[in-house]
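Source file: coords-v2.txt; contents: compact mmCIF, N, CA and C atoms.
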```txt
# COMPACT_ATOMS: atom_id res chain seq x y z
N MET A 1 4.88 -15.35 -3.42
CA MET A 1 4.77 -13.94 -3.07
C MET A 1 6.12 -13.29 -3.28
N ILE A 2 6.15 -12.24 -4.06
CA ILE A 2 7.37 -11.51 -4.32
C ILE A 2 7.35 -10.20 -3.55
N LYS A 3 8.40 -9.93 -2.81
CA LYS A 3 8.52 -8.66 -2.10
C LYS A 3 9.64 -7.88 -2.77
N THR A 4 9.34 -6.70 -3.28
CA THR A 4 10.29 -5.93 -4.05
C THR A 4 10.31 -4.50 -3.56
N GLN A 5 11.49 -3.93 -3.50
CA GLN A 5 11.61 -2.50 -3.23
C GLN A 5 11.71 -1.79 -4.58
N MET A 6 10.96 -0.73 -4.76
CA MET A 6 10.94 0.02 -6.00
C MET A 6 11.36 1.45 -5.70
N ARG A 7 12.29 1.99 -6.44
CA ARG A 7 12.80 3.33 -6.15
C ARG A 7 12.49 4.33 -7.25
N ASN A 8 11.67 4.00 -8.20
CA ASN A 8 11.45 4.90 -9.33
C ASN A 8 10.04 5.46 -9.43
N PHE A 9 9.23 5.34 -8.40
CA PHE A 9 7.86 5.81 -8.49
C PHE A 9 7.72 7.30 -8.30
N GLY A 10 8.67 7.96 -7.68
CA GLY A 10 8.51 9.38 -7.38
C GLY A 10 7.84 9.55 -6.03
N PRO A 11 7.24 10.71 -5.79
CA PRO A 11 6.63 10.96 -4.48
C PRO A 11 5.40 10.10 -4.25
N ASP A 12 4.95 10.08 -2.99
CA ASP A 12 3.74 9.34 -2.65
C ASP A 12 2.59 9.76 -3.55
N ASN A 13 1.70 8.83 -3.81
CA ASN A 13 0.53 9.08 -4.65
C ASN A 13 -0.36 10.13 -3.98
N PRO A 14 -0.66 11.25 -4.63
CA PRO A 14 -1.52 12.26 -4.02
C PRO A 14 -2.99 11.82 -3.93
N ASN A 15 -3.37 10.79 -4.68
CA ASN A 15 -4.74 10.27 -4.66
C ASN A 15 -4.74 8.75 -4.49
N PRO A 16 -4.33 8.27 -3.30
CA PRO A 16 -4.28 6.82 -3.11
C PRO A 16 -5.68 6.21 -3.14
N PRO A 17 -5.78 4.90 -3.41
CA PRO A 17 -7.09 4.24 -3.46
C PRO A 17 -7.85 4.38 -2.13
N LYS A 18 -9.16 4.47 -2.22
CA LYS A 18 -10.04 4.53 -1.04
C LYS A 18 -10.22 3.13 -0.47
N ARG A 19 -10.70 3.06 0.75
CA ARG A 19 -10.88 1.78 1.44
C ARG A 19 -11.78 0.84 0.65
N GLY A 20 -12.85 1.36 0.06
CA GLY A 20 -13.78 0.54 -0.70
C GLY A 20 -13.18 -0.06 -1.96
N GLU A 21 -12.04 0.45 -2.40
CA GLU A 21 -11.37 -0.05 -3.61
C GLU A 21 -10.34 -1.14 -3.29
N ILE A 22 -10.10 -1.40 -2.00
CA ILE A 22 -9.07 -2.34 -1.59
C ILE A 22 -9.71 -3.51 -0.87
N LYS A 23 -9.33 -4.73 -1.27
CA LYS A 23 -9.87 -5.92 -0.61
C LYS A 23 -8.77 -6.98 -0.49
N PRO A 24 -8.94 -7.91 0.45
CA PRO A 24 -7.96 -9.00 0.56
C PRO A 24 -7.77 -9.70 -0.78
N GLY A 25 -6.52 -9.98 -1.10
CA GLY A 25 -6.18 -10.64 -2.36
C GLY A 25 -5.70 -9.68 -3.43
N ASP A 26 -5.90 -8.37 -3.22
CA ASP A 26 -5.43 -7.38 -4.19
C ASP A 26 -3.91 -7.27 -4.16
N ALA A 27 -3.32 -7.10 -5.34
CA ALA A 27 -1.89 -6.83 -5.46
C ALA A 27 -1.70 -5.32 -5.40
N VAL A 28 -0.83 -4.85 -4.51
CA VAL A 28 -0.67 -3.42 -4.26
C VAL A 28 0.79 -3.05 -4.04
N TRP A 29 1.06 -1.74 -4.13
CA TRP A 29 2.32 -1.15 -3.68
C TRP A 29 2.01 -0.37 -2.42
N VAL A 30 2.77 -0.60 -1.34
CA VAL A 30 2.57 0.12 -0.08
C VAL A 30 3.84 0.86 0.31
N ILE A 31 3.67 1.87 1.16
CA ILE A 31 4.80 2.56 1.78
C ILE A 31 4.74 2.23 3.27
N GLU A 32 5.84 1.70 3.80
CA GLU A 32 5.91 1.42 5.23
C GLU A 32 6.28 2.71 5.97
N LYS A 33 5.86 2.81 7.23
CA LYS A 33 6.10 4.03 8.01
C LYS A 33 7.58 4.39 8.04
N LYS A 34 8.44 3.41 8.16
CA LYS A 34 9.88 3.69 8.22
C LYS A 34 10.40 4.27 6.91
N ASN A 35 9.63 4.15 5.84
CA ASN A 35 10.06 4.64 4.53
C ASN A 35 9.33 5.90 4.07
N TYR A 36 8.51 6.51 4.95
CA TYR A 36 7.86 7.78 4.58
C TYR A 36 8.94 8.76 4.13
N GLY A 37 8.67 9.49 3.09
CA GLY A 37 9.61 10.48 2.59
C GLY A 37 10.68 9.91 1.68
N THR A 38 10.63 8.62 1.42
CA THR A 38 11.58 7.99 0.50
C THR A 38 10.79 7.46 -0.70
N LYS A 39 11.49 6.82 -1.60
CA LYS A 39 10.85 6.20 -2.76
C LYS A 39 10.87 4.68 -2.63
N ASN A 40 10.98 4.18 -1.41
CA ASN A 40 11.05 2.73 -1.17
C ASN A 40 9.65 2.17 -0.92
N TYR A 41 9.08 1.58 -1.94
CA TYR A 41 7.75 1.00 -1.86
C TYR A 41 7.87 -0.52 -1.86
N THR A 42 6.91 -1.18 -1.24
CA THR A 42 6.92 -2.64 -1.15
C THR A 42 5.71 -3.18 -1.89
N GLN A 43 5.94 -4.19 -2.70
CA GLN A 43 4.88 -4.85 -3.47
C GLN A 43 4.39 -6.05 -2.67
N GLY A 44 3.08 -6.29 -2.68
CA GLY A 44 2.57 -7.46 -1.99
C GLY A 44 1.09 -7.67 -2.22
N ILE A 45 0.57 -8.68 -1.55
CA ILE A 45 -0.83 -9.06 -1.64
C ILE A 45 -1.50 -8.72 -0.31
N VAL A 46 -2.64 -8.03 -0.37
CA VAL A 46 -3.36 -7.62 0.84
C VAL A 46 -3.93 -8.84 1.56
N LYS A 47 -3.62 -8.95 2.86
CA LYS A 47 -4.21 -9.97 3.71
C LYS A 47 -5.37 -9.37 4.50
N ASP A 48 -5.13 -8.20 5.14
CA ASP A 48 -6.14 -7.53 5.97
C ASP A 48 -6.12 -6.03 5.69
N VAL A 49 -7.31 -5.43 5.69
CA VAL A 49 -7.42 -3.97 5.62
C VAL A 49 -7.55 -3.49 7.07
N LEU A 50 -6.63 -2.61 7.50
CA LEU A 50 -6.55 -2.21 8.90
C LEU A 50 -7.18 -0.85 9.19
N SER A 51 -7.20 0.05 8.23
CA SER A 51 -7.76 1.38 8.46
C SER A 51 -9.27 1.31 8.64
N PRO A 52 -9.80 1.96 9.69
CA PRO A 52 -11.24 1.93 9.90
C PRO A 52 -12.00 2.94 9.03
N GLY A 53 -11.35 4.02 8.62
CA GLY A 53 -12.02 5.06 7.85
C GLY A 53 -12.07 4.74 6.37
N SER A 54 -12.84 5.54 5.63
CA SER A 54 -13.01 5.30 4.19
C SER A 54 -11.83 5.81 3.38
N SER A 55 -11.06 6.74 3.94
CA SER A 55 -9.88 7.24 3.23
C SER A 55 -8.88 7.78 4.26
N HIS A 56 -7.66 8.00 3.78
CA HIS A 56 -6.60 8.59 4.60
C HIS A 56 -5.66 9.31 3.65
N PRO A 57 -5.15 10.48 4.00
CA PRO A 57 -4.30 11.24 3.08
C PRO A 57 -3.06 10.49 2.61
N ARG A 58 -2.51 9.62 3.47
CA ARG A 58 -1.32 8.85 3.09
C ARG A 58 -1.66 7.49 2.48
N GLY A 59 -2.92 7.10 2.53
CA GLY A 59 -3.34 5.80 1.99
C GLY A 59 -3.92 4.92 3.08
N ILE A 60 -4.71 3.96 2.68
CA ILE A 60 -5.34 3.02 3.60
C ILE A 60 -4.30 2.04 4.12
N LYS A 61 -4.30 1.83 5.44
CA LYS A 61 -3.33 0.91 6.06
C LYS A 61 -3.79 -0.52 5.87
N VAL A 62 -2.85 -1.38 5.43
CA VAL A 62 -3.14 -2.80 5.21
C VAL A 62 -2.01 -3.65 5.77
N ARG A 63 -2.31 -4.92 5.98
CA ARG A 63 -1.29 -5.92 6.29
C ARG A 63 -1.18 -6.82 5.06
N LEU A 64 0.04 -7.02 4.59
CA LEU A 64 0.27 -7.90 3.45
C LEU A 64 0.40 -9.34 3.92
N THR A 65 0.34 -10.28 2.99
CA THR A 65 0.41 -11.70 3.35
C THR A 65 1.73 -12.07 4.02
N ASP A 66 2.79 -11.29 3.80
CA ASP A 66 4.07 -11.58 4.45
C ASP A 66 4.21 -10.89 5.81
N GLY A 67 3.15 -10.18 6.25
CA GLY A 67 3.17 -9.52 7.54
C GLY A 67 3.54 -8.04 7.50
N THR A 68 4.00 -7.56 6.36
CA THR A 68 4.34 -6.14 6.22
C THR A 68 3.09 -5.29 6.41
N VAL A 69 3.22 -4.20 7.18
CA VAL A 69 2.12 -3.25 7.35
C VAL A 69 2.53 -1.94 6.69
N GLY A 70 1.66 -1.42 5.85
CA GLY A 70 1.95 -0.17 5.16
C GLY A 70 0.69 0.45 4.61
N ARG A 71 0.84 1.61 4.01
CA ARG A 71 -0.29 2.33 3.44
C ARG A 71 -0.27 2.18 1.92
N VAL A 72 -1.44 1.80 1.36
CA VAL A 72 -1.54 1.55 -0.08
C VAL A 72 -1.36 2.84 -0.86
N GLN A 73 -0.41 2.81 -1.79
CA GLN A 73 -0.18 3.93 -2.69
C GLN A 73 -0.79 3.67 -4.06
N TRP A 74 -0.67 2.45 -4.54
CA TRP A 74 -1.20 2.08 -5.84
C TRP A 74 -1.68 0.63 -5.82
N LYS A 75 -2.73 0.36 -6.56
CA LYS A 75 -3.13 -1.02 -6.85
C LYS A 75 -2.38 -1.42 -8.11
N MET A 76 -2.00 -2.67 -8.19
CA MET A 76 -1.23 -3.12 -9.36
C MET A 76 -2.12 -3.35 -10.58
N SER A 77 -3.40 -3.63 -10.34
CA SER A 77 -4.32 -3.80 -11.47
C SER A 77 -5.72 -3.49 -11.00
N ASP A 78 -6.58 -3.11 -11.91
CA ASP A 78 -7.96 -2.79 -11.57
C ASP A 78 -8.90 -3.83 -12.12
```
Output the file's structure as structure tokens, nothing else.
Amino acid sequence: MIKTQMRNFGPDNPNPPKRGEIKPGDAVWVIEKKNYGTKNYTQGIVKDVLSPGSSHPRGIKVRLTDGTVGRVQWKMSD
């Protein structure tokens, strides 16, 4: 598992993936709450989907395999 900070993505994704598009095992980029408003995104593998709703303006909340909790901005592959 590689955890990487990326600073070149620009602003948060205005159309983050919906809950139905995210499942355990997916490779994703997330934004942690402490990094809202920055360009610091974390790469990881989804362990658990935490958001109960089908969508959220900032992205669906997930827990990564390393324990990081954040909101999905992008999936790494479809």
Who sits within 7 Å of stretch 21-27 of chain A, only C-alpha atoms, same chain under 5 positions skipped, as a PDB file with N, CA and C atoms, keeping the file's coordinate frame:
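Listed below is the output, selection_34.pdb:
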```pdb
ATOM      1  N   GLY A  44       3.080  -6.290  -2.680  1.00  0.00           N
ATOM      2  CA  GLY A  44       2.570  -7.460  -1.990  1.00  0.00           C
ATOM      3  C   GLY A  44       1.090  -7.670  -2.220  1.00  0.00           C
ATOM      4  N   ILE A  45       0.570  -8.680  -1.550  1.00  0.00           N
ATOM      5  CA  ILE A  45      -0.830  -9.060  -1.640  1.00  0.00           C
ATOM      6  C   ILE A  45      -1.500  -8.720  -0.310  1.00  0.00           C
ATOM      7  N   VAL A  46      -2.640  -8.030  -0.370  1.00  0.00           N
ATOM      8  CA  VAL A  46      -3.360  -7.620   0.840  1.00  0.00           C
ATOM      9  C   VAL A  46      -3.930  -8.840   1.560  1.00  0.00           C
ATOM     10  N   LYS A  47      -3.620  -8.950   2.860  1.00  0.00           N
ATOM     11  CA  LYS A  47      -4.210  -9.970   3.710  1.00  0.00           C
ATOM     12  C   LYS A  47      -5.370  -9.370   4.500  1.00  0.00           C
ATOM     13  N   ASP A  48      -5.130  -8.200   5.140  1.00  0.00           N
ATOM     14  CA  ASP A  48      -6.140  -7.530   5.970  1.00  0.00           C
ATOM     15  C   ASP A  48      -6.120  -6.030   5.690  1.00  0.00           C
ATOM     16  N   VAL A  49      -7.310  -5.430   5.690  1.00  0.00           N
ATOM     17  CA  VAL A  49      -7.420  -3.970   5.620  1.00  0.00           C
ATOM     18  C   VAL A  49      -7.550  -3.490   7.070  1.00  0.00           C
ATOM     19  N   LYS A  75      -2.730   0.360  -6.560  1.00  0.00           N
ATOM     20  CA  LYS A  75      -3.130  -1.020  -6.850  1.00  0.00           C
ATOM     21  C   LYS A  75      -2.380  -1.420  -8.110  1.00  0.00           C
ATOM     22  N   MET A  76      -2.000  -2.670  -8.190  1.00  0.00           N
ATOM     23  CA  MET A  76      -1.230  -3.120  -9.360  1.00  0.00           C
ATOM     24  C   MET A  76      -2.120  -3.350 -10.580  1.00  0.00           C
TER      25      MET A  76
END
```
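The closest residue to A:Thr42, picked from A:Ser54, A:Asn15, A:Val72, A:Trp29 and counting only N, CA and C atoms, is A:Trp29.
The two atoms in question, atom CA of A:Lys33 and atom CA of A:Ser77, are spaced 23.4 Å apart.
The spacing separating atom CA of A:Pro52 from atom CA of A:Leu64 amounts to 16.5 Å.
Within chain A, the backbone-based DSSP assignment of strand (DSSP E) covers Gln5, Met6, Ala27, Val28, Trp29, Val30, Ile31, Tyr41, Thr42, Gln43, Gly44, Ile45, Val46, Lys47, Asp48, Val49, Lys61, Val62, Arg63, Leu64, Val69, Gly70, Arg71, Val72, Gln73, Trp74 and Lys75 of chain A.
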Atom CA of A:Gly59 to atom N of A:Gly37: how many Å, to one decimal? 12.6 Å
Write out as a PyMOL selection string all residues of chain A that backbone DSSP assigns to helix (DSSP H, G or I). chain A and resi 19-21+33-35
Stretch 46-65 of chain A: axis-aligned bounding box, 4 Å on each side, centre and edge lengths in Å, one decimal, as JSON:
```
{"center_x": -5.6, "center_y": -0.4, "center_z": 4.8, "size_x": 22.7, "size_y": 31.3, "size_z": 18.3}
```
